[in-house]
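This is coords-v3.txt. It holds compact mmCIF, C-alpha atoms.
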# COMPACT_ATOMS: atom_id res chain seq x y z
CA MET A 187 108.28 60.42 90.47
CA LYS A 188 108.60 62.71 93.50
CA LYS A 189 104.84 62.92 93.84
CA ALA A 190 104.51 59.14 93.57
CA ILE A 191 107.05 58.67 96.38
CA LEU A 192 105.25 61.26 98.49
CA ALA A 193 101.93 59.54 97.83
CA ILE A 194 103.35 56.20 99.00
CA THR A 195 104.72 57.95 102.10
CA CYS A 196 101.31 59.47 102.77
CA VAL A 197 99.62 56.09 102.49
CA ALA A 198 102.10 54.54 104.91
CA ALA A 199 101.60 57.41 107.36
CA LEU A 200 97.84 57.15 107.14
CA VAL A 201 97.94 53.40 107.76
CA LEU A 202 100.00 54.03 110.90
CA LEU A 203 97.58 56.72 112.04
CA ALA A 204 94.64 54.40 111.51
CA ALA A 205 96.37 51.65 113.48
CA CYS A 206 97.03 54.06 116.38
CA GLY A 207 93.67 55.83 116.16
CA ASP A 208 90.69 55.77 118.44
CA GLY A 209 88.54 53.66 116.15
CA LYS A 210 86.62 56.63 114.79
CA GLY A 211 88.45 56.59 111.50
CA SER A 212 90.50 59.23 109.71
CA LYS A 213 89.28 62.52 108.34
CA LYS A 214 87.05 62.20 105.27
CA SER A 215 87.90 63.69 101.90
CA ASP A 216 86.03 66.61 100.35
CA SER A 217 84.13 64.16 98.16
CA GLY A 218 82.32 62.79 101.22
CA ASP A 219 83.07 59.15 100.40
CA GLY A 220 85.20 58.69 103.52
CA LYS A 221 88.40 58.19 101.53
CA VAL A 222 91.55 60.23 102.04
CA ASP A 223 92.68 62.13 98.95
CA VAL A 224 96.31 60.96 98.90
CA GLU A 225 97.03 62.92 95.72
CA LYS A 226 95.91 66.14 97.40
CA VAL A 227 98.07 65.41 100.45
CA ALA A 228 101.06 64.76 98.16
CA ASP A 229 100.44 68.07 96.38
CA LYS A 230 100.43 69.87 99.74
CA MET A 231 103.73 68.27 100.71
CA MET A 232 105.26 69.25 97.37
CA LYS A 233 104.25 72.88 97.94
CA GLU A 234 106.12 72.94 101.23
CA ALA A 235 109.47 72.30 99.54
CA PHE A 236 111.34 74.08 96.73
CA GLU A 237 114.28 72.48 94.99
CA GLY A 238 114.74 74.82 92.05
CA GLU A 239 117.31 77.54 91.36
CA LYS A 240 117.43 80.14 94.16
CA TYR A 241 118.14 82.95 91.70
CA SER A 242 114.86 82.57 89.85
CA LYS A 243 111.42 84.09 89.64
CA GLU A 244 109.96 80.77 90.73
CA ALA A 245 112.01 80.85 93.96
CA ALA A 246 110.93 84.41 94.75
CA GLU A 247 107.28 83.56 94.07
CA PHE A 248 107.49 80.45 96.24
CA TYR A 249 109.12 82.07 99.28
CA PHE A 250 107.16 85.34 99.24
CA LYS A 251 104.04 83.20 99.33
CA LYS A 252 105.32 80.67 101.87
CA ASN A 253 106.91 83.08 104.35
CA GLU A 254 104.78 86.22 104.01
CA GLY A 255 101.62 84.93 102.37
CA ILE A 256 102.09 87.46 99.56
CA LYS A 257 101.92 86.94 95.80
CA LEU A 258 104.87 88.21 93.77
CA SER A 259 102.40 89.77 91.34
CA ASP A 260 101.03 91.94 94.17
CA LEU A 261 104.49 93.46 94.63
CA ALA A 262 105.15 94.08 90.92
CA PRO A 263 104.61 97.46 89.20
CA ASP A 264 102.47 98.17 86.15
CA TYR A 265 105.40 98.89 83.81
CA LYS A 266 107.25 96.45 81.56
CA LEU A 267 110.11 94.78 83.42
CA ASN A 268 113.76 94.28 82.55
CA GLU A 269 114.41 90.74 83.81
CA THR A 270 117.67 90.04 81.97
CA SER A 271 119.92 89.89 85.03
CA LYS A 272 120.48 86.57 86.78
CA TYR A 273 120.04 88.41 90.07
CA THR A 274 116.61 89.89 89.29
CA TYR A 275 114.93 87.46 91.68
CA TYR A 276 116.00 85.39 94.68
CA GLY A 277 114.35 83.18 97.25
CA ASP A 278 115.30 80.83 100.07
CA GLU A 279 114.05 79.84 103.53
CA HIS A 280 115.44 83.07 105.02
CA ASP A 281 114.42 85.79 102.57
CA ALA A 282 112.97 86.65 99.19
CA LEU A 283 113.99 89.44 96.83
CA ALA A 284 112.60 90.94 93.64
CA ASN A 285 114.17 93.72 91.55
CA PHE A 286 111.59 95.53 89.43
CA LYS A 287 113.80 97.31 86.92
CA ILE A 288 112.57 99.39 83.99
CA CYS A 289 113.51 98.56 80.41
CA ASP A 290 116.12 100.60 78.53
CA GLY A 291 114.64 103.87 77.33
CA ASP A 292 111.88 103.96 79.96
CA THR A 293 111.78 106.29 82.95
CA TYR A 294 111.03 105.84 86.64
CA THR A 295 110.17 108.83 88.81
CA LYS A 296 110.18 109.67 92.48
CA GLU A 297 106.39 109.96 92.33
CA GLN A 298 106.09 106.45 90.90
CA HIS A 299 108.39 105.15 93.61
CA ILE A 300 106.32 106.64 96.41
CA GLU A 301 103.14 105.20 94.91
CA ASN A 302 104.75 101.75 94.82
CA VAL A 303 105.71 102.15 98.48
CA ARG A 304 102.09 103.04 99.30
CA ARG A 305 100.78 100.03 97.39
CA ILE A 306 103.17 97.52 98.99
CA TYR A 307 102.54 99.01 102.44
CA ALA A 308 98.86 98.17 101.90
CA VAL A 309 99.75 94.63 100.78
CA THR A 310 101.71 93.78 103.95
CA LYS A 311 99.11 95.50 106.12
CA LYS A 312 96.43 93.27 104.63
CA VAL A 313 98.24 90.01 105.49
CA ALA A 314 99.43 91.14 108.96
CA ASP A 315 97.98 89.21 111.90
CA ASN A 316 96.80 92.41 113.59
CA GLY A 317 96.13 94.41 110.43
CA ILE A 318 98.93 96.94 110.90
CA ASN A 319 102.53 97.56 109.86
CA VAL A 320 104.84 98.23 112.81
CA TYR A 321 108.27 99.76 113.42
CA GLY A 322 109.95 96.51 114.42
CA PHE A 323 113.08 96.13 116.52
CA GLU A 324 115.18 97.34 113.60
CA ASP A 325 113.75 100.81 114.27
CA LYS A 326 112.87 100.79 117.98
CA SER A 327 114.46 99.18 121.06
CA ASP A 328 111.46 99.42 123.36
CA LYS A 329 108.99 96.57 122.79
CA ASP A 330 105.86 98.74 122.94
CA GLU A 331 107.35 101.20 120.49
CA ALA A 332 108.61 98.45 118.20
CA MET A 333 105.13 96.89 118.06
CA SER A 334 103.34 100.19 117.49
CA GLU A 335 102.02 101.12 114.05
CA LYS A 336 104.43 102.81 111.67
CA ASP A 337 102.50 105.59 110.02
CA LEU A 338 102.77 105.52 106.23
CA GLU A 339 102.42 109.25 105.62
CA GLN A 340 104.98 110.13 108.28
CA MET A 341 107.43 107.59 106.85
CA ILE A 342 107.03 109.07 103.39
CA GLN A 343 107.45 112.59 104.72
CA ASP A 344 110.58 111.60 106.65
CA ASN A 345 112.08 110.17 103.46
CA MET A 346 111.22 112.96 101.03
CA GLY A 347 114.88 113.92 100.69
CA THR A 348 116.39 117.38 100.48
CA LYS A 349 118.10 119.77 98.09
CA ILE A 350 121.73 120.81 98.35
CA PHE A 351 122.84 123.62 96.00
CA GLY A 352 119.73 122.97 93.94
CA ILE A 353 120.46 119.25 93.57
CA GLU A 354 117.88 116.88 95.03
CA ILE A 355 119.21 114.21 97.36
CA TYR A 356 116.66 111.42 97.54
CA VAL A 357 117.65 107.98 98.80
CA GLY A 358 114.24 106.35 98.43
CA ASN A 359 114.70 103.53 100.94
CA TYR A 360 111.79 102.47 103.16
CA GLY A 361 111.34 99.75 105.75
CA TRP A 362 108.81 98.40 108.23
CA SER A 363 107.81 95.18 109.95
CA PHE A 364 104.57 93.21 110.25
CA LEU A 365 103.38 90.20 112.21
CA LYS A 366 102.70 87.09 110.14
CA ASP A 367 101.74 83.87 111.94
CA GLY A 368 103.10 85.34 115.15
CA VAL A 369 106.52 86.15 113.64
CA LEU A 370 107.84 89.61 112.84
CA ARG A 371 108.60 89.82 109.12
CA ARG A 372 110.59 92.69 107.65
CA CYS A 373 109.83 94.51 104.40
CA GLU A 374 112.44 96.74 102.76
CA ILE A 375 111.94 98.75 99.58
CA ASP A 376 114.99 100.30 97.94
CA LEU A 377 115.25 102.67 95.00
CA LEU A 378 117.36 101.21 92.18
CA GLU A 379 119.72 103.80 90.69
CA LYS A 380 122.76 104.02 88.46
CA ASP A 381 124.63 107.26 87.75
CA ASP A 382 121.81 109.22 89.43
CA VAL A 383 119.25 107.69 87.06
CA LYS A 384 116.27 106.01 88.70
CA LEU A 385 115.84 102.47 87.36
CA GLY A 386 113.02 101.03 89.47
CA TYR A 387 112.84 99.46 92.90
CA SER A 388 113.58 96.30 94.83
CA VAL A 389 111.50 94.53 97.47
CA LYS A 390 113.09 92.29 100.08
CA MET A 391 111.28 90.44 102.85
CA TYR A 392 112.74 88.30 105.60
CA LYS A 393 112.36 87.28 109.24
CA GLY A 394 113.10 90.40 111.24
CA LEU A 395 114.45 90.87 114.73
CA GLN A 396 112.13 89.26 117.27
CA LYS A 397 113.57 91.21 120.21
CA SER A 398 115.77 94.21 120.85
CA LEU A 399 119.51 94.08 120.20
CA ASP A 400 120.20 94.75 123.89
CA GLU A 401 118.04 91.81 124.93
CA THR A 402 119.66 89.59 122.33
CA MET A 403 123.15 90.53 123.55
CA LYS A 404 122.19 89.84 127.17
CA GLU A 405 120.94 86.38 126.21
CA ALA A 406 124.14 85.74 124.27
CA GLU A 407 126.27 86.78 127.25
CA LYS A 408 124.26 84.51 129.53
CA ALA A 409 124.66 81.62 127.10
CA LEU A 410 128.44 82.15 127.04
CA GLU A 411 128.50 81.56 130.79
CA ASP A 412 127.44 77.96 130.20
CA PRO A 413 130.52 75.67 130.53
CA GLU A 414 129.32 73.47 127.67
CA VAL A 415 128.97 76.47 125.37
CA GLN A 416 132.46 77.63 126.37
CA LYS A 417 133.84 74.22 125.41
CA GLN A 418 132.17 74.41 122.00
CA VAL A 419 133.49 77.93 121.39
CA GLU A 420 137.01 76.87 122.41
CA LYS A 421 136.82 73.87 120.08
CA ALA A 422 135.60 76.03 117.21
CA LEU A 423 138.46 78.49 117.72
CA LYS A 424 141.01 75.67 117.75
CA ASP A 425 139.55 74.14 114.59
CA ALA A 426 139.61 77.53 112.86
CA SER A 427 143.28 78.04 113.69
CA LYS A 428 144.40 74.73 112.12
Would you put the structure from the file into structure tokens?
Amino acid sequence: MKKAILAITCVAALVLLAACGDGKGSKKSDSGDGKVDVEKVADKMMKEAFEGEKYSKEAAEFYFKKNEGIKLSDLAPDYKLNETSKYTYYGDEHDALANFKICDGDTYTKEQHIENVRRIYAVTKKVADNGINVYGFEDKSDKDEAMSEKDLEQMIQDNMGTKIFGIEIYVGNYGWSFLKDGVLRRCEIDLLEKDDVKLGYSVKMYKGLQKSLDETMKEAEKALEDPEVQKQVEKALKDASK
């Protein structure tokens, strides 16, 4: 039903475009018969919207692909997954998350974790506009530094952990940014643990900071000087106090 409605909408839009066109006609279909493939257009429109459950594998797959151009399967490990929790996957317009947890009785090691970081680093590097992973404004305030390449080996070395009284302290959290369609996207990989037992890893991607925090604060301060903005803030405060 949704596709039928979208198809009708497409037809109406195409008729309007033809009426307002330059007389040269609309773009031909792949078949070469000069007809517009309305079904294909409707399929494209359907792919641009997701109306399912946000806490689902389908949502994560959809938004990783839509926002970062990355397949969920490219982020997944080679071990059997424990997907019993409702919160294993998540996806919306702002971010996408996948928890790749091992099954009961299996093990996950520091070495496996680092290899997964290496693999996912390569995945984001491949889809990046400029072919590199960068620090991002989460790590650096200076624009040139923020947009410079974040070296994989150095990042791994910096996060190798340490030993205190013979006990290894390893957090296993890694993060970097990459340009996708001109927008800085953020990738964060966290080690999943419970009672000091490694249980796998999570991958979260979202729209990162597009400018430094200092620059953002300066813009916010400037905006607050606007009388209209001040009125809106005052109104919001009054409404909140009721």
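One finds CA of Met333 (chain A) at 14.9 Å from CA of Lys393 (chain A).
Take CA of Asn359 (chain A) and CA of Glu331 (chain A): the distance between them is 21.0 Å.
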What separates CA of Gln340 (chain A) and CA of Ile318 (chain A) is a distance of 14.7 Å
Using only C-alpha atoms, which residues sit within 7 Å of Tyr360 (chain A) once same-chain residues fewer than 2 positions away are excluded, as a compact mmCIF listing (two decimals) with C-alpha atoms, in the coordinates of the input?
# COMPACT_ATOMS: atom_id res chain seq x y z
CA GLY A 358 114.24 106.35 98.43
CA GLU A 374 112.44 96.74 102.76
CA ILE A 375 111.94 98.75 99.58
CA ASP A 376 114.99 100.30 97.94
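Nearest to Glu297 (chain A) of all the residues A:Leu338, A:Leu377, A:Ile350, A:Ala332 is A:Leu377, counting all atoms listed in the file.
Minimum distance to Asp281 (chain A) across A:Gln343, A:Gly394, A:Lys243, A:Glu354 (counting all atoms listed in the file) occurs at A:Gly394.
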Please build the interface table for region 213-323 of chain A against region 378-392 of chain A with a cut-off of 6 Å, listing for each qualifying residue the nearest atom pair and the distance in Å to one decimal; count only C-alpha atoms, order rows by chain and increasing number, and write it as a tab-separated table.
residue	atom	partner	partner_atom	distance
A:His280	CA	A:Tyr392	CA	5.9
A:Asp281	CA	A:Tyr392	CA	4.3
A:Ala282	CA	A:Met391	CA	5.5
A:Leu283	CA	A:Lys390	CA	4.4
A:Ala284	CA	A:Val389	CA	5.4
A:Asn285	CA	A:Ser388	CA	4.2
A:Phe286	CA	A:Tyr387	CA	5.4
A:Lys287	CA	A:Gly386	CA	4.6
A:Ile288	CA	A:Leu385	CA	5.6
A:Tyr294	CA	A:Lys384	CA	5.6
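With only C-alpha atoms as the atoms that count, the residue of A:Arg304, A:Lys296, A:Lys366, A:Lys421 with the shortest distance to Asn316 (chain A) is A:Lys366.
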Select all residues near (117.3, 86.0, 91.2) (cut-off 10 Å, inclusive, file coordinates), counting all atoms listed in the file, and output them as a count of residues only. 20
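Considering only C-alpha atoms, the residue among A:Lys349, A:Asp328, A:Leu267, A:Glu411 positioned nearest to Asp292 (chain A) is A:Leu267.
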Exercise: Tyr307 (chain A) partners within 10 Å, all atoms listed in the file, chain neighbours under 2 positions left out, as a ChimeraX atom specification: /A:261,301-305,309-312,318-319,338,360-364,373,375
